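Report on the structure given below.
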Amino acid sequence: MAAPAIRVGRPVEARASRGLWSDAFRRLLRNRPALVGVLFIALFVVTALIAPLIAPYAPLAGTLADRLQPPNTAHLMGTDLQGRDELSRVMYGARVSLVAGVASVVMGVFIGGLIGALAGGLGGKVDSVLMRVVDVMLAIPGILLAIGIVAWLDRGLPQIMFAVAMVNVPIFARILRGSLLSLRESDYVIASRSLGASGFRVLVRHMLPNSLTPLIVAATLALATAIIDVAGLGFLGLGPPDPRTPEWGTMLTDSTKFLRQAPWLIIFPGLAIVVSAVGFNLLGDGLRESLDPRLKQ
Amino acid sequence: MGKYIVRRLLGAIPVLIGLSIILFAFVHLLPGDPATAILGQHATPERVAAMRAYLGLDLPLWQQYLGYVGGLLRGDFGSSVINNQPLLRELLTRFPATLELTVAAMIYAVGVGIPLGRFASRHAQGWSDGAVTVVSLLGISIPVFVLGLTLQYIFAVELGVLPAGGRIDPRANLHIQSNFVLIDSLLMGRPDLFIDGIRHLILPAIALGSIPLAIITRITRASVLDVSNEDHVRTARAKGLKEKRVNSRHIMRNAWLPVVTVIGIQVGGLLGGAVITETVFAWNGVGRFVVEAINNRDYLVVQNTILIFALVFLAVNLIVDILYAFINPRIRYA
Amino acid sequence: MALLSVQDLVVRFRTHEGTIHAVNGVTFELEEGERLGLVGESGCGKSVTNLAIIRLLPKPAGRIEGGRVLFEGQDLLVLREDEVRDIRGSDIAMIFQDPMTSLNPVLTIQEQMVETIQAHRKVSKEDARARAIELLAMVGIPNPAARLKSFPHQFSGGMRQRVMIAMALALAPKLLIADEPTTALDVTIQAQVLELLAQLTTKSSTALILITHDLGVVAGMTQRINVMYAGFIVETAPTAELFARPSHPYSVGLLHSIPRLDEEGGEELIPIEGRPPDMRRAPTGCPFAPRCAWRVEACWTNNPELRPLTEGGPVVMTGPKATHRIACHNPPTPNEVRGGRPLRAGFTAAPPPAEMLDELSLAPAEVTADLKGLMAGIQVEEGPLSVYPSAGGLPIPPEPERRNDGL
């Protein structure tokens, strides 16, 4: 008998069994930019959730006498054209952005995921037809597609969510399809096929769970663009039908004519959009790096 | 190579058909009565009847579709319901403005983005790389309208060094020929107007070009780093080539490939962004036209603008694909 | 004077995860026209040693922290960058493992060969081209003039490696370093490529360093073998001598872990247990001790030096009469060599001293000398990379499809 070898360090199996997700989570905790992102997102989400509790004024209350006050102790972000408190409006605005952003991404992941799963899972004719549809959607610049949909369905928050969702649908569809296609060729899927597992079972049990990671990363990054898209529609006058609704993009449009007199009305809603978008972009990049250790550049 | 181009051209056909169906549905299947939706509630019955006839609403749907496509092929884009002007002519006079803006933005994005990405990759992990990463993160996260308004405030309102909007000083007596300010001013032999045109272009181009700039910077950096780690670069060094040659012939020649693809995709973003930028900077292009049309519920204008933008985008991507094949021998000699 | 003399070469990699001790004082020599095999498991420092010789370690992580590399008497480590560049590709050429990735995919074979020649010789493009045709014919590429215009992807793997060989020999180098030149090739092609290498280097009396993890490859190719483990040379001997009398437990293990057809009785294969050591720690004892069946107490604390197997007489560094040397406190006896395990009555491998047991069990994850990863410029985070692809999830592209909505 050869002397038993003393193993240095933990065996490989033990490490692997801890799982991709817990490993990824550990790496994420060490990723400083991603943590900054989480901080920004938390600021955004918490503000949205508790806006009624922390906003110093009602978002629609204001008198013309108070109009266009620069930032001061009573109004930390100044007041707008109607004398409403800008800080309170920015806080309430987070609610619209959060709801519309999250809803549109969820909707987009669902529709896009369905298209991608059908295309990548079934292949053949279904795949080529669905991918042509995706190509057509991609041929229309994102914001124009959203504008068209809102113009067609008329103004309203649900319409905005749907429009922004449709902008992301082709991206999610392509990502999921791409993952499924490359997984179809992977050894373990071929192995389970050869062991007699049915196509559907292989798709649901093996392929879908493994193809979700790229989709999750894409969805996180899409939250950033969704918030920007929602504000962009608002800026173009396609925001919520009630023009008084505190919505960041709409607030910016209202202020463009007073750039000289009241720059704070541009700065603060703009900053709110940027902080939220930076948050999701940082988290998305961090997630991507954590989920794929080879990527640490 | 020839086969590849033919295949790509044929591949565009289903997309064009799909696009025409969607845009057809956009007008012909408007909720409620399309004619009333287009003309508004207060239109006279005669006008509604005329619109119904124009759209062929009493015909079967497939005939309406064929009529629409036939019209497009004849160059009949319909007329604006606001001023009854033929749309094609309006679009053609405005398109140069949009083109001027997007080309300027693209020059800015590519001209700054690629050197910046290369710079960052050379100093990977250093503080200057970090700085570039932060800048490109901001570039991606700042919406065009926020950046545009901010630039306007700083450079036009506060510093007063650049104009806040428009394409040229309104007092300038520009003789319009091509609708490109920069070309018309030169045709007039007025370099002063040319410079004025450039001054008007700077802020909108920066606002519009910043997202593509950030994306191009990131992809260039990632691509150069990627290629730098490839075996063949080590081979090139082992052959005793000068570092400059290793960079230009062995790293950059390969690193270009993904960058070119991304530049093509960015054109879509630029066309979409033009809609917003033109609104912010009172730029009289197609983008501003479509925003006005939406507020006027001028559906035909919206439909045709989307069509034009999509066609330009498809054409550019086709060109980029062909260019890609030219610089990538694995496709050229596949 | 030896053509190449590597003296006490020390190479370390500075990474986020600590310092990797890749090469820990390697000394060897090479005569003109001599063929030397460098053998060991992946990550043992063979490739790093050779990249250090031509100063192509990945920057900024890889650093030469000690030693000298004399080439024709000139220390390469003190030369200016442009001086080394003149030597690279002209006096010392290299061939790498994977012919699929070692050629630039966007340049024609002609462009790649001509630029090599023109980097070192003042010749016209036409002359360089003529030379390239000559070289391709020499390595057995049919219709060389036409194939010059081809791109790498238009060649098979074996043909690409022939192109690599042609390019490496373009300037009649005095030394050719071949790093696993046949590992990526089909077995049938392997033999052809090795044969070609042997034939060409013999004809031009080019010295050859053949790096491989496969003892079968060096057997017929080289005159002498250095066995490396964890950044040390643990045994060196003329090839025939090493195969006849392997004397370091690691070499014994290597020979027992490959099937041999020439021995009677279908000998049992004995794998080497355990894994290579964590190269982040500066070695204290013998690096092979944790895996060694012959270890004695001294092995844990005292790293043995490379000493002649039989004492007495001068040490010969090169040539077919080179002294057989090993670094071992308790070399196996000839019987044990044949048996592949200790046969002395009552002998058991010495347990690690108490204070080291702690250290061993506390050793964090195994950044097992993943020099391959480092060489590729990838910062190894923790653990072998191969763990992840099977653990779920797809590789995510470095830059995602990030839609620019135009906002």
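Please note that chains go A, B, ... in the order of the structure tokens, that every chain numbers its residues from 1, and that ligands are numbered from 1 in the order shown.
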
What residues in chain A have any atom no more than 9 Å from chain B when counting only C-alpha atoms, and can you write them as a CSV table (one decimal) with N, CA and C atoms, in the first residue's frame?
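What ended up in out37.csv:
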```csv
chain,number,residue,atom,x,y,z
A,132,ARG,N,-37.3,36.0,-36.5
A,132,ARG,CA,-37.5,37.1,-37.5
A,132,ARG,C,-38.4,38.2,-36.8
A,133,VAL,N,-39.3,37.7,-35.9
A,133,VAL,CA,-40.1,38.7,-35.2
A,133,VAL,C,-39.2,39.6,-34.3
A,135,ASP,N,-36.1,40.1,-34.8
A,135,ASP,CA,-35.3,41.0,-35.7
A,135,ASP,C,-36.1,42.3,-36.0
A,136,VAL,N,-37.4,42.1,-36.3
A,136,VAL,CA,-38.2,43.2,-36.7
A,136,VAL,C,-38.2,44.2,-35.5
A,137,MET,N,-38.4,43.6,-34.3
A,137,MET,CA,-38.5,44.5,-33.1
A,137,MET,C,-37.2,45.3,-32.9
A,138,LEU,N,-36.1,44.6,-33.2
A,138,LEU,CA,-34.8,45.2,-33.0
A,138,LEU,C,-34.5,46.2,-34.0
A,139,ALA,N,-35.2,46.1,-35.1
A,139,ALA,CA,-34.9,47.1,-36.2
A,139,ALA,C,-35.4,48.5,-35.9
A,140,ILE,N,-36.4,48.5,-35.0
A,140,ILE,CA,-37.0,49.8,-34.6
A,140,ILE,C,-36.2,50.3,-33.4
A,141,PRO,N,-35.6,51.5,-33.5
A,141,PRO,CA,-34.9,52.0,-32.3
A,141,PRO,C,-35.8,52.0,-31.1
A,142,GLY,N,-35.2,51.6,-29.9
A,142,GLY,CA,-36.0,51.3,-28.7
A,142,GLY,C,-37.0,52.4,-28.4
A,143,ILE,N,-36.6,53.6,-28.3
A,143,ILE,CA,-37.5,54.6,-27.8
A,143,ILE,C,-38.6,54.9,-28.8
A,144,LEU,N,-38.3,54.7,-30.1
A,144,LEU,CA,-39.4,54.9,-31.1
A,144,LEU,C,-40.4,53.8,-31.0
A,145,LEU,N,-40.0,52.6,-30.7
A,145,LEU,CA,-40.9,51.5,-30.5
A,145,LEU,C,-41.8,51.8,-29.3
A,147,ILE,N,-42.5,54.8,-28.1
A,147,ILE,CA,-43.3,56.0,-28.4
A,147,ILE,C,-44.5,55.5,-29.3
A,148,GLY,N,-44.2,54.6,-30.2
A,148,GLY,CA,-45.2,54.1,-31.1
A,148,GLY,C,-46.3,53.4,-30.3
A,149,ILE,N,-45.9,52.6,-29.4
A,149,ILE,CA,-46.9,51.8,-28.6
A,149,ILE,C,-47.7,52.7,-27.8
A,151,ALA,N,-48.3,55.8,-28.3
A,151,ALA,CA,-49.2,56.6,-29.2
A,151,ALA,C,-50.4,55.8,-29.6
A,152,TRP,N,-50.1,54.5,-29.8
A,152,TRP,CA,-51.2,53.6,-30.3
A,152,TRP,C,-52.2,53.3,-29.2
A,153,LEU,N,-51.7,52.9,-28.1
A,153,LEU,CA,-52.6,52.5,-27.0
A,153,LEU,C,-53.1,53.6,-26.1
A,224,ALA,N,-32.1,49.4,-15.1
A,224,ALA,CA,-31.5,50.8,-15.3
A,224,ALA,C,-32.1,51.4,-16.6
A,225,THR,N,-32.1,50.7,-17.7
A,225,THR,CA,-32.6,51.3,-18.9
A,225,THR,C,-34.2,51.5,-18.8
A,228,ILE,N,-34.8,54.8,-17.1
A,228,ILE,CA,-34.5,55.9,-18.1
A,228,ILE,C,-35.6,56.0,-19.1
A,229,ASP,N,-36.0,54.8,-19.7
A,229,ASP,CA,-37.1,54.8,-20.7
A,229,ASP,C,-38.4,55.4,-20.2
A,231,ALA,N,-38.8,57.6,-17.8
A,231,ALA,CA,-38.6,59.0,-17.7
A,231,ALA,C,-38.5,59.7,-19.1
A,232,GLY,N,-37.9,59.0,-20.0
A,232,GLY,CA,-37.8,59.5,-21.4
A,232,GLY,C,-39.2,59.7,-22.0
A,235,PHE,N,-40.6,62.6,-20.4
A,235,PHE,CA,-40.0,63.9,-21.0
A,235,PHE,C,-40.6,64.3,-22.3
A,236,LEU,N,-41.0,63.3,-23.1
A,236,LEU,CA,-41.6,63.5,-24.4
A,236,LEU,C,-43.1,63.9,-24.3
A,237,GLY,N,-43.6,63.9,-23.1
A,237,GLY,CA,-45.0,64.2,-22.9
A,237,GLY,C,-45.9,63.0,-23.0
A,238,LEU,N,-45.3,61.8,-22.9
A,238,LEU,CA,-46.1,60.6,-22.9
A,238,LEU,C,-46.1,59.9,-21.6
A,249,GLY,N,-39.4,62.3,-15.4
A,249,GLY,CA,-39.3,62.8,-16.8
A,249,GLY,C,-40.2,64.0,-17.1
A,252,LEU,N,-39.1,67.1,-15.6
A,252,LEU,CA,-38.0,67.8,-16.3
A,252,LEU,C,-38.6,68.6,-17.5
A,256,THR,N,-38.0,72.8,-18.5
A,256,THR,CA,-37.0,73.2,-19.5
A,256,THR,C,-37.0,74.6,-19.9
A,259,LEU,N,-34.9,77.0,-17.4
A,259,LEU,CA,-33.5,76.6,-17.2
A,259,LEU,C,-32.7,77.7,-16.5
A,260,ARG,N,-32.9,78.9,-17.0
A,260,ARG,CA,-32.1,80.0,-16.4
A,260,ARG,C,-32.5,80.4,-15.0
A,263,PRO,N,-32.5,76.3,-12.3
A,263,PRO,CA,-31.8,75.1,-12.7
A,263,PRO,C,-32.0,73.9,-11.8
A,266,ILE,N,-34.0,71.0,-12.8
A,266,ILE,CA,-33.4,70.1,-13.8
A,266,ILE,C,-32.5,69.1,-13.0
A,267,ILE,N,-31.7,69.8,-12.1
A,267,ILE,CA,-30.7,69.0,-11.4
A,267,ILE,C,-31.2,67.9,-10.5
A,269,PRO,N,-34.4,66.2,-10.2
A,269,PRO,CA,-35.0,65.0,-10.8
A,269,PRO,C,-33.9,64.2,-11.7
A,270,GLY,N,-33.1,65.0,-12.4
A,270,GLY,CA,-32.0,64.4,-13.2
A,270,GLY,C,-31.1,63.5,-12.4
A,271,LEU,N,-30.7,64.0,-11.2
A,271,LEU,CA,-29.8,63.3,-10.3
A,271,LEU,C,-30.5,62.0,-9.8
A,273,ILE,N,-32.7,60.2,-11.4
A,273,ILE,CA,-32.7,59.2,-12.4
A,273,ILE,C,-31.3,58.6,-12.5
A,274,VAL,N,-30.3,59.4,-12.5
A,274,VAL,CA,-28.9,59.0,-12.7
A,274,VAL,C,-28.5,58.0,-11.5
A,275,VAL,N,-28.9,58.4,-10.3
A,275,VAL,CA,-28.5,57.6,-9.1
A,275,VAL,C,-29.2,56.2,-9.3
A,276,SER,N,-30.4,56.1,-9.6
A,276,SER,CA,-31.1,54.8,-9.7
A,276,SER,C,-30.5,54.0,-10.8
A,277,ALA,N,-30.2,54.7,-12.0
A,277,ALA,CA,-29.7,53.9,-13.1
A,277,ALA,C,-28.2,53.4,-12.8
A,278,VAL,N,-27.4,54.3,-12.2
A,278,VAL,CA,-26.1,53.9,-11.8
A,278,VAL,C,-26.2,52.7,-10.8
A,279,GLY,N,-27.1,52.7,-9.9
A,279,GLY,CA,-27.3,51.6,-9.0
A,279,GLY,C,-27.5,50.3,-9.7
A,281,ASN,N,-27.0,49.6,-12.8
A,281,ASN,CA,-25.9,49.2,-13.7
A,281,ASN,C,-24.7,48.6,-12.9
A,282,LEU,N,-24.4,49.2,-11.8
A,282,LEU,CA,-23.3,48.7,-10.9
A,282,LEU,C,-23.6,47.3,-10.5
A,297,GLN,N,-11.5,40.9,-14.7
A,297,GLN,CA,-10.5,41.5,-15.6
A,297,GLN,C,-9.5,42.3,-14.8
```

Skipping near chain neighbours, those fewer than 5 positions away, what residues fall within 10 Å of Phe258 (chain A) using only C-alpha atoms, listed as a PyMOL selection string?
chain A and resi 68+80-81+253+263-266

Can you write just those residues out, C-alpha atoms, as a PDB file, in the first residue's frame?
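Output contents, as saved in again_35.pdb:
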```
ATOM      1  CA  LEU A  68     -39.677  78.859  -8.149  1.00  0.00           C
ATOM      2  CA  ASP A  80     -41.456  74.232  -8.875  1.00  0.00           C
ATOM      3  CA  LEU A  81     -43.623  76.382 -11.125  1.00  0.00           C
ATOM      4  CA  THR A 253     -40.124  68.762 -19.306  1.00  0.00           C
ATOM      5  CA  PRO A 263     -31.782  75.073 -12.733  1.00  0.00           C
ATOM      6  CA  TRP A 264     -32.499  73.082  -9.567  1.00  0.00           C
ATOM      7  CA  LEU A 265     -35.657  71.808 -11.220  1.00  0.00           C
ATOM      8  CA  ILE A 266     -33.422  70.053 -13.752  1.00  0.00           C
TER       9      ILE A 266
END
```

Backbone-only DSSP, helix (DSSP H, G or I) members of region 85-310 of chain B, as JSON, numbers by chain:
{"B": [87, 88, 89, 90, 91, 92, 93, 94, 95, 96, 97, 98, 99, 100, 101, 102, 103, 104, 105, 106, 107, 108, 109, 110, 111, 112, 113, 114, 115, 116, 117, 118, 119, 120, 121, 122, 127, 128, 129, 130, 131, 132, 133, 134, 135, 136, 137, 138, 139, 140, 141, 144, 145, 146, 147, 148, 149, 150, 151, 152, 153, 154, 155, 156, 157, 158, 181, 182, 183, 184, 185, 186, 187, 191, 192, 193, 194, 195, 196, 197, 198, 199, 200, 201, 202, 203, 204, 205, 206, 207, 208, 209, 210, 211, 212, 213, 214, 215, 216, 217, 218, 219, 220, 221, 222, 223, 224, 225, 226, 227, 228, 231, 232, 233, 234, 235, 236, 237, 238, 243, 244, 245, 246, 247, 248, 249, 250, 251, 252, 253, 254, 255, 256, 257, 258, 259, 260, 261, 262, 263, 264, 265, 266, 267, 268, 269, 270, 271, 272, 273, 274, 275, 276, 277, 278, 279, 280, 286, 287, 288, 289, 290, 291, 292, 293, 294, 295, 299, 300, 301, 302, 303, 304, 305, 306, 307, 308, 309, 310]}

Which residues are near region 88-97 of chain B? Cut-off 7 Å, only C-alpha atoms, ignore same chain within fewer than 5 positions. Put them as a PyMOL selection string.
chain B and resi 77+179-180+284-286

Same residues, N, CA and C atoms, output as an mmCIF file, in the first residue's frame:
```
data_model
loop_
_atom_site.group_PDB
_atom_site.id
_atom_site.type_symbol
_atom_site.label_atom_id
_atom_site.label_comp_id
_atom_site.auth_asym_id
_atom_site.auth_seq_id
_atom_site.Cartn_x
_atom_site.Cartn_y
_atom_site.Cartn_z
ATOM 1 N N PHE B 77 -46.064 58.294 -49.260
ATOM 2 C CA PHE B 77 -46.051 58.106 -47.813
ATOM 3 C C PHE B 77 -47.282 58.746 -47.170
ATOM 4 N N ASN B 179 -29.947 71.270 -47.398
ATOM 5 C CA ASN B 179 -30.487 71.129 -46.043
ATOM 6 C C ASN B 179 -29.452 70.685 -45.027
ATOM 7 N N PHE B 180 -28.224 70.442 -45.466
ATOM 8 C CA PHE B 180 -27.146 70.241 -44.497
ATOM 9 C C PHE B 180 -26.536 71.616 -44.239
ATOM 10 N N ASN B 284 -34.322 71.040 -35.843
ATOM 11 C CA ASN B 284 -35.463 70.777 -36.709
ATOM 12 C C ASN B 284 -35.304 69.542 -37.584
ATOM 13 N N GLY B 285 -35.180 68.402 -36.957
ATOM 14 C CA GLY B 285 -34.992 67.184 -37.737
ATOM 15 C C GLY B 285 -36.212 66.292 -37.685
ATOM 16 N N VAL B 286 -36.032 65.064 -38.138
ATOM 17 C CA VAL B 286 -37.134 64.110 -38.178
ATOM 18 C C VAL B 286 -37.596 63.755 -36.767
#
```

May I ask which of the residues C:Arg12, C:His324, C:Lys174, C:His21 is the closest one to Asp278 (chain C), counting only C-alpha atoms?
C:His21

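Distance-wise, CA of Asp214 (chain C) and CA of Val39 (chain C) end up 7.1 Å apart.
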
Within 8 Å of Ala163 (chain A), counting only C-alpha atoms, which residues show up once you throw out same-chain ones fewer than 2 positions away? Write them as JSON, numbers by chain, please.
{"A": [104, 145, 146, 147, 149, 150, 159, 160, 161, 165, 166, 167]}

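When the distance limit is 12 Å and only C-alpha atoms are what count, the residues near region 123-128 of chain C, minus those fewer than 4 positions from it on the same chain, are C:Gln110, C:Glu111, C:Gln112, C:Met113, C:Val114, C:Glu115, C:Thr116, C:Ile117, C:Gln118, C:Ala119, C:Ala132, C:Ile133, C:Glu134, C:Leu135, C:Leu148, C:Met167, C:Ala170, C:Leu171.
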
Could those selected residues go to a file with N, CA and C atoms, as a compact mmCIF listing (two decimals), in the first residue's frame?
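Below you can see selection_23.txt, which holds the result:
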```txt
# COMPACT_ATOMS: atom_id res chain seq x y z
N GLN C 110 1.46 34.28 -45.08
CA GLN C 110 2.54 35.07 -45.68
C GLN C 110 2.86 36.30 -44.84
N GLU C 111 1.79 37.04 -44.47
CA GLU C 111 2.04 38.25 -43.68
C GLU C 111 2.77 37.91 -42.39
N GLN C 112 2.37 36.79 -41.78
CA GLN C 112 2.97 36.44 -40.48
C GLN C 112 4.41 35.97 -40.63
N MET C 113 4.69 35.28 -41.73
CA MET C 113 6.07 34.81 -41.90
C MET C 113 6.99 35.93 -42.36
N VAL C 114 6.46 36.73 -43.29
CA VAL C 114 7.29 37.81 -43.81
C VAL C 114 7.65 38.81 -42.72
N GLU C 115 6.68 39.11 -41.85
CA GLU C 115 6.98 40.10 -40.81
C GLU C 115 8.03 39.56 -39.83
N THR C 116 8.01 38.23 -39.64
CA THR C 116 9.03 37.65 -38.76
C THR C 116 10.42 37.83 -39.36
N ILE C 117 10.51 37.51 -40.63
CA ILE C 117 11.82 37.60 -41.29
C ILE C 117 12.27 39.05 -41.33
N GLN C 118 11.33 39.94 -41.70
CA GLN C 118 11.72 41.34 -41.85
C GLN C 118 12.00 42.02 -40.52
N ALA C 119 11.49 41.43 -39.42
CA ALA C 119 11.79 42.01 -38.11
C ALA C 119 13.26 41.86 -37.78
N ALA C 132 9.98 32.25 -47.20
CA ALA C 132 8.82 31.64 -46.57
C ALA C 132 8.37 30.41 -47.35
N ILE C 133 8.38 30.51 -48.68
CA ILE C 133 7.98 29.36 -49.50
C ILE C 133 8.92 28.19 -49.25
N GLU C 134 10.21 28.52 -49.23
CA GLU C 134 11.23 27.52 -48.95
C GLU C 134 10.95 26.81 -47.62
N LEU C 135 10.64 27.63 -46.59
CA LEU C 135 10.41 27.08 -45.25
C LEU C 135 9.18 26.19 -45.22
N LEU C 148 0.62 30.16 -49.02
CA LEU C 148 1.05 31.36 -48.33
C LEU C 148 -0.06 32.38 -48.17
N MET C 167 7.88 28.93 -39.15
CA MET C 167 8.08 30.32 -38.74
C MET C 167 9.18 30.40 -37.69
N ALA C 170 12.56 30.12 -39.22
CA ALA C 170 12.79 31.03 -40.34
C ALA C 170 14.17 31.68 -40.27
N LEU C 171 14.64 32.00 -39.09
CA LEU C 171 15.89 32.72 -38.98
C LEU C 171 17.00 31.85 -38.43
```

For Arg338 (chain C): contacts at 10 Å, only C-alpha atoms, fewer than 5 positions along chain excluded, given as an MDAnalysis selection string:
chainID C and resid 245:246 252 255:256 267 332:333

Using only N, CA and C atoms, please write the residues we just selected to a file, as an mmCIF file, in the first residue's frame.
```
data_model
loop_
_atom_site.group_PDB
_atom_site.id
_atom_site.type_symbol
_atom_site.label_atom_id
_atom_site.label_comp_id
_atom_site.auth_asym_id
_atom_site.auth_seq_id
_atom_site.Cartn_x
_atom_site.Cartn_y
_atom_site.Cartn_z
ATOM 1 N N ARG C 245 16.805 4.131 -14.704
ATOM 2 C CA ARG C 245 16.992 4.252 -13.261
ATOM 3 C C ARG C 245 16.346 5.513 -12.721
ATOM 4 N N PRO C 246 15.035 5.650 -12.814
ATOM 5 C CA PRO C 246 14.413 6.839 -12.220
ATOM 6 C C PRO C 246 14.676 6.779 -10.727
ATOM 7 N N VAL C 252 9.674 8.340 -10.228
ATOM 8 C CA VAL C 252 9.202 6.965 -10.122
ATOM 9 C C VAL C 252 7.692 6.940 -10.290
ATOM 10 N N LEU C 255 6.659 7.569 -13.899
ATOM 11 C CA LEU C 255 6.852 6.416 -14.775
ATOM 12 C C LEU C 255 5.856 5.311 -14.482
ATOM 13 N N HIS C 256 5.430 5.226 -13.220
ATOM 14 C CA HIS C 256 4.464 4.187 -12.883
ATOM 15 C C HIS C 256 3.041 4.586 -13.250
ATOM 16 N N GLU C 267 2.346 -4.599 -15.834
ATOM 17 C CA GLU C 267 2.553 -3.996 -14.525
ATOM 18 C C GLU C 267 1.372 -3.118 -14.087
ATOM 19 N N PRO C 332 14.329 6.001 -3.385
ATOM 20 C CA PRO C 332 13.898 4.606 -3.436
ATOM 21 C C PRO C 332 15.053 3.705 -3.881
ATOM 22 N N THR C 333 15.079 2.492 -3.417
ATOM 23 C CA THR C 333 16.062 1.509 -3.870
ATOM 24 C C THR C 333 15.625 0.968 -5.225
#
```

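Note that the spacing between CA of Pro173 (chain C) and CA of Ile92 (chain C) amounts to 5.4 Å.
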
Using only C-alpha atoms, which residues sit within 8 Å of Ile211 (chain C) once same-chain residues fewer than 3 positions away are excluded, as a tab-separated table (two decimals) with N, CA, C and O atoms, in the first residue's frame?
```tsv
chain	number	residue	atom	x	y	z
C	37	GLY	N	14.68	17.57	-22.54
C	37	GLY	CA	13.26	17.48	-22.21
C	37	GLY	C	13.01	18.11	-20.84
C	37	GLY	O	13.82	17.97	-19.93
C	38	LEU	N	11.89	18.83	-20.73
C	38	LEU	CA	11.52	19.43	-19.45
C	38	LEU	C	10.15	18.84	-19.12
C	38	LEU	O	9.18	19.11	-19.80
C	39	VAL	N	10.11	18.01	-18.06
C	39	VAL	CA	8.92	17.21	-17.83
C	39	VAL	C	8.33	17.52	-16.47
C	39	VAL	O	9.06	17.77	-15.51
C	46	LYS	N	7.37	24.61	-15.79
C	46	LYS	CA	8.16	24.38	-17.01
C	46	LYS	C	8.00	25.54	-17.98
C	46	LYS	O	8.98	26.10	-18.48
C	47	SER	N	6.75	25.89	-18.25
C	47	SER	CA	6.51	26.95	-19.24
C	47	SER	C	7.01	28.28	-18.73
C	47	SER	O	7.57	29.08	-19.49
C	177	ILE	N	12.59	26.57	-28.44
C	177	ILE	CA	11.87	26.09	-27.27
C	177	ILE	C	10.48	25.67	-27.72
C	177	ILE	O	9.73	26.48	-28.27
C	178	ALA	N	10.16	24.41	-27.55
C	178	ALA	CA	8.85	23.90	-27.98
C	178	ALA	C	8.04	23.56	-26.75
C	178	ALA	O	8.39	22.64	-26.00
C	179	ASP	N	6.98	24.33	-26.51
C	179	ASP	CA	6.18	24.17	-25.30
C	179	ASP	C	4.97	23.30	-25.61
C	179	ASP	O	4.02	23.76	-26.22
C	180	GLU	N	5.01	22.07	-25.21
C	180	GLU	CA	3.93	21.11	-25.47
C	180	GLU	C	3.49	21.18	-26.93
C	180	GLU	O	2.31	21.37	-27.22
C	181	PRO	N	4.40	21.01	-27.87
C	181	PRO	CA	4.06	21.28	-29.27
C	181	PRO	C	3.05	20.31	-29.86
C	181	PRO	O	2.43	20.62	-30.87
```
